[in-house]
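The structure appears below as structure tokens.
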Amino acid sequence: MARYLAGRLAQAVGVVIGVTFVIYSAVFLLPGNPAAALDGGQPMSPATLHAITVAYGLNQPFIIQYGRYAMGLLQGDLGISISTGQGVASLIGQAWPVTATLALTAWAVEIIVGVGSGVIAAANRGQAFDRLVQAGSVLLVCVPVFVAAYTSQVLLGIRLHWLPVAGTTTGWPASYLLPASVLAMPGIGAIARLTRATMLEELRQDYVRTAVAIGLPWQLVVVRHTLHNALVPVITCLGTDLGFLLSGAVVVESVFNLPGVGLLAYNAIQNKDGTVVVGVVTLLVLVFLVANLLVDVLAAALDPRIRYR
Amino acid sequence: MRRPTVAPAIVVAVVLAMVIAPAPFAALFGHGDPYACDLARSDRGPSWGHPFGFDMQGCDLYANVIYGARPTVTIGLLVTAGILVVAVVLGGAAGYLGGVTDAVVGRLADVVLGFPLILGALVVLTVTPDRNVLVVSAVLVAFGWPAMTRLMRSTVLGAAGWDYVLAARTHGASAFRIVARHVLPNAIGPVLVYATTAVGGVMVAETTLTFLGVGLQAPEISWGIQLADAQQQFLQYPHLLIAPGAFLSVTVISFVALGDALRDALDPQGTSSRAGRG
Amino acid sequence: MKNRQIPVVVTVITLAAVAACSTASSKTSGSSPRASTFTVAELEPASFVPGKDDGIAGDELNALFAPLTKFDAKNHLTYVQANSVIPNATATVWTITIRPGWKFQDGEPVTAQSYVNAWNATAYGPNAWAGNGDFTGIEGYAALNPPSGKPTARTLSGARVLNATTIQVRLTHRDSQFPQELSLPGFLPLPGAYFKDPAAWEAKPIGDGPFEVSGAWQPNKSLTMVRYAAYQGQRPTAGGITFEIYTSEAAAYTALQAGQVDITAIGPATYAAAERDMPADVVAYAAPAIDYLGFPLYNAYFGNKLIREAISLAIDRATITRVLYARLAVPASAILPPAEDGAPLNVCAYCGYDPARARDLLARAGGWKGPLVLWYPTGLGYDQAAKAIANDLSQNLDIKVTLNAVPVTSWFASLAGKKVTNGIYIGHWGAYFPSMQNTLANLFKTTGTGYVESWYSTPALTKIINAGDGATSPAVAQAYYRQAEQMIMAAFPVVPLYYRDYVYVHTSAVTNVVVDCNQIELSDVAVR
């Protein structure tokens, strides 16, 4: 196991290096001068433009610019955002807690609602709740995120005043509950379906029949014996899902006014602010790789049939 | 337990017909011209000859929804087909050959999978001046291939261990022949099922890209554009959101239901998914 | 059994730790008593240094600083911190005297040097401050802004401190509008505290206006201000303001509907919805702003005046302003908006709606082949209007119009780089203050900031505009500017569309919300 972990971590480092190079080149290749975004888009005097270009080294060839950035990266310096003049590390540091809270809350909602309803539906197969879950989970997948966001905002926030509609001032959980639920919606649908399918399969196994024949109560059979076998593919899916949650947050952050990394990256792309985009995406990839690794480890722990060499 | 397959199949067939030839469908109610707009009729509700009313520009919403099927569904099908091809080639190679191929494909998939789809699409599409169906599809394929490739890899891994494959190898069959004739037909089942769900997911992704301003743009007509325009006014004029939203939902649900039926047909006991695990 | 539990525990602890780090900084903030504080929604500004402002921090700067001159709600110029602004005989040398005894919020007295220090920093090219362009008319500007190489000076030779309360400004040309220009944020002063430690000042800005910052600026969250007790000017009604940062005006409007913020500006995309949802709480200012269609006049085909006239007659401005903007925009009948003092109306012969005549003109011009692209900047609420214009042109002139929406940060670069070759674009000019000179000088002179938005200027026109600038009385100046407009209308290089109001919405928690060319009159807002 230790060798496997070491190997995965080494690969992760390689992946991160590759990713920074790819994104840096992609943003570098974007036409337009990032300095032009400094004035809020207003036309700038040639002298000013020249001064900024020299200061940031924007007229140097790509290899030199990337070299400077990589050198800085190795020393822990993420660079400076050209459009705001602030350090990228501090920008991300301000925005990251918002996105992380949002994504983790959504993840928790997905686990509780998705897995819970999948398990209950499988345990009560064919009955009303099961049919509801089947229909509902498909419906959740076909609603675009922004439609759900605006609709819930208007209905629950403005009409009914149940939850705040924007900003983080009310703190956790009130400010985050609505956006997290919206963000989690497609995931809930997918997780519920998957959980139900794997649970049904486990419940078909011989040992379940045996347990029931022995006389064990149904709930005990479901929760103690079948759940952790059924959960393995579900956990793998949840791991991948965390990555999607972190990336899908752009729309939700924009609609609910949560200043997270998604919005930071969105604005940076519009402003051609390469250092910010690279910083944010590298962070997201890193988190995704770590989350995947943790999930694989967890899966191995839960299912003794899985072994990593 | 047999699931009803007739209803979703009919819906999908109708939707495909709308994509290929929207004009006859649009002409069913009213004169069916989505471009005959009169700003004075902005946002009016349903009336005789205009069953869905008018959108914000005063164009007939029914005709627009019918014509809107074409780009959205086309993107859905194109992207899924593209991802399927990539999955068969890369996923098949990784699963069957293993070793270095597997590691390379796996890490490549990790990088792209970890790269946020929306941000990646944003970076590319922000600077593309002419965003038509092909460009948007290409970008979605470029960022969306890993998930299905991973699935293909795991089903191939499972199928490759079966006895008849072992038998074919001992008979000296070439790797390509084995994969093409023996492994793929057995491994592709779950992937096809996933593909039908993917069609729906891609269509929804197109609407999100349009909302962010980097999808298709006017005068193209697509459900994504209609949804993006409608959501701010839906309390006053719900018909703007309900019409394209209902069409989109029904289409996605039908594709998914078709996928479920496909899975039942291919593999009623669910054995292949168990073999594919690990 | 035991072995399997350890990884589970490790995973759970790791995830919990990640969550804990993230939530540690977001405490639940209890709601403080309202006292007489109101909240205003704003976009995130890059900085509160007046010279750096690109328009986003306008309200905050109005609260934090006191300007030399200011326009009131009736568009008349008033003197705030300036006592007098007196020209010499040729309107090239201006003497500004400021009122004595005014202090910055840290106790430092406001002197002429405070102003000149700020002006020099803003005018210094390599600083890249957005207010740089305000100083082009002052002697010595060129030395601070060489096209290449380093500047030869750090101070403007044309801005001199005569004594603690007097500044002398020498201009490179006659400009009768100089007192009006002093109302721009680029001319605000800066305390010595800024130059000693800019980073500390940016964290907690210090100005000399009616409100002072309490606490620190929380980027992307809020800026809280309270009444500055020692302010020498008009005492504000409210006791404090909290500026809350929103990512977009749509998010701010939704928050206002939910009662989370008291006042917000809204963009054109929301005018109709606001008029529908809360007509009593909409405050509109008939701004000196014009939306128009610009043409790539460097492209020979668009040089044909008949085409521009045909396009102009094919657009139904009345329906667009009624349906899309709920009459918060007025169909244009001239290129200079009526809010600008002395601007004439009904000088545009082609601003009506006459599709038949439009088709006729287009035919006489030789017709149109192929598609036409309509360019416009995204994120500013132009989408529906662009679609409506495209529909009008398609249906009335049989031209296939496609839309091309460009991100706002690349908009000027696209125009200046002459990327628009195959179509037309939606242009907008909101004058910085209600004067014909501002629109004319910026759009129709080659030295103007907005020249790339019109691409039209002739030596004769420039001569007339300069004559107006140098006129000795407002009446004479306005006569010149009106003549300039007649010349422009005769050449018809751009198609005027409509004059759009600046629109704000507020909740019933605040009253007396007055909006004018200074945006919100923050000192007048009262809390119920």
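Each chain of the structure tokens is named A, B, ... in the order shown, its residues numbered from 1; ligands are numbered from 1 in display order.
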Wanna dump the chain A-chain B contacts at 6 Å for me, each residue with its shortest atom pair and the distance in Å to one decimal, counting only C-alpha atoms, ordered by chain and number, as a tab-separated table?
residue	atom	partner	partner_atom	distance
A:Cys142	CA	B:Ser249	CA	5.3
A:Pro144	CA	B:Val204	CA	5.5
A:Ser247	CA	B:Pro116	CA	4.6
A:Val285	CA	B:Gly114	CA	4.7
A:Phe288	CA	B:Gly114	CA	5.5
Using the selection just defined, write its residues with C-alpha atoms as a compact mmCIF listing (two decimals), in the first residue's frame.
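Full text of part_16.txt as output:
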# COMPACT_ATOMS: atom_id res chain seq x y z
CA CYS A 142 -31.91 17.43 -17.00
CA PRO A 144 -29.41 23.15 -16.15
CA SER A 247 -15.47 23.29 -11.25
CA VAL A 285 -6.35 19.81 -10.31
CA PHE A 288 -9.01 16.66 -7.52
Legend entry - Contact set, chain B to chain C: 10 Å, only C-alpha atoms, as a ChimeraX atom specification: /B:35-43,56-59,126-127,129-131,212-214,217-220,229,232-233,236
Legend entry - helix (DSSP H, G or I) per DSSP on the backbone: members of segment 47-224 of chain A, as a ChimeraX atom specification: /A:47-56,62-74,88-123,128-141,145-159,174-203,206-214,218-224
Inset, instruction - Find the residue from C:Ile245, C:Val85, C:Leu306, C:Ala358 that sits nearest to chain A; use only C-alpha atoms when measuring. - result: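 Going through C:Ile245, C:Val85, C:Leu306, C:Ala358 one by one, the smallest distance to chain A is for C:Ile245.
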Legend entry - Separation of atom CA of Ala128 of chain C from atom CA of Val213 of chain C in Å: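 Separation of atom CA of Val213 of chain C and atom CA of Ala128 of chain C: 25.6 Å.
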Legend entry - Among the residues A:Val98, A:Ala135, A:Leu183, A:Val222, the one that comes closest to chain C [using only C-alpha atoms]: A:Val98
Legend entry - Neighbour list for Leu156 of chain A as a list in words, cut-off 10 Å, only C-alpha atoms, skip fewer than 6 positions in-chain: Tyr150, Trp162, Leu163, Pro164, Val165 and Leu178 of chain A; Ala258 of chain C
Inset, instruction - Pick out the residues sitting within 10 Å of Gly239 of chain A, and hand them over as a VMD selection string; count only C-alpha atoms, and ignore anything fewer than 4 positions along from it in its own chain. - result: chain A and resid 107 233 to 235 243 to 244 288 to 296
Generate a file of the selected residues that holds C-alpha atoms, formatted as an mmCIF file, in the first residue's frame.
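Saved the output as part26.cif:
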data_model
loop_
_atom_site.group_PDB
_atom_site.id
_atom_site.type_symbol
_atom_site.label_atom_id
_atom_site.label_comp_id
_atom_site.auth_asym_id
_atom_site.auth_seq_id
_atom_site.Cartn_x
_atom_site.Cartn_y
_atom_site.Cartn_z
ATOM 1 C CA TRP A 107 -20.993 17.160 -1.336
ATOM 2 C CA PRO A 233 -18.599 2.210 -6.743
ATOM 3 C CA VAL A 234 -20.638 4.962 -5.128
ATOM 4 C CA ILE A 235 -17.594 6.274 -3.304
ATOM 5 C CA GLY A 243 -13.923 17.608 -8.848
ATOM 6 C CA PHE A 244 -17.044 18.470 -10.811
ATOM 7 C CA PHE A 288 -9.007 16.659 -7.518
ATOM 8 C CA LEU A 289 -6.009 14.320 -7.559
ATOM 9 C CA VAL A 290 -5.818 14.235 -3.774
ATOM 10 C CA ALA A 291 -9.561 13.616 -3.492
ATOM 11 C CA ASN A 292 -9.306 10.768 -5.983
ATOM 12 C CA LEU A 293 -6.429 9.238 -4.105
ATOM 13 C CA LEU A 294 -8.294 9.409 -0.809
ATOM 14 C CA VAL A 295 -11.341 7.878 -2.407
ATOM 15 C CA ASP A 296 -9.363 4.993 -3.874
#
Legend entry - Separation of atom CA of Ala431 of chain C from atom CA of Val515 of chain C in Å: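 Distance between the two atoms: 15.4 Å.
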Inset, instruction - Mind checking which residues fall within 10 Å of Val15 of chain B, counting only C-alpha atoms, ignoring those fewer than 6 positions away in the same chain, and posting them as a list in words? - result: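 In the requested format, the answer is Ala9, Ala21, Pro22, Ile66, Ala69, Arg70, Val73, Phe247, Val250, Thr251 and Ser254 of chain B.
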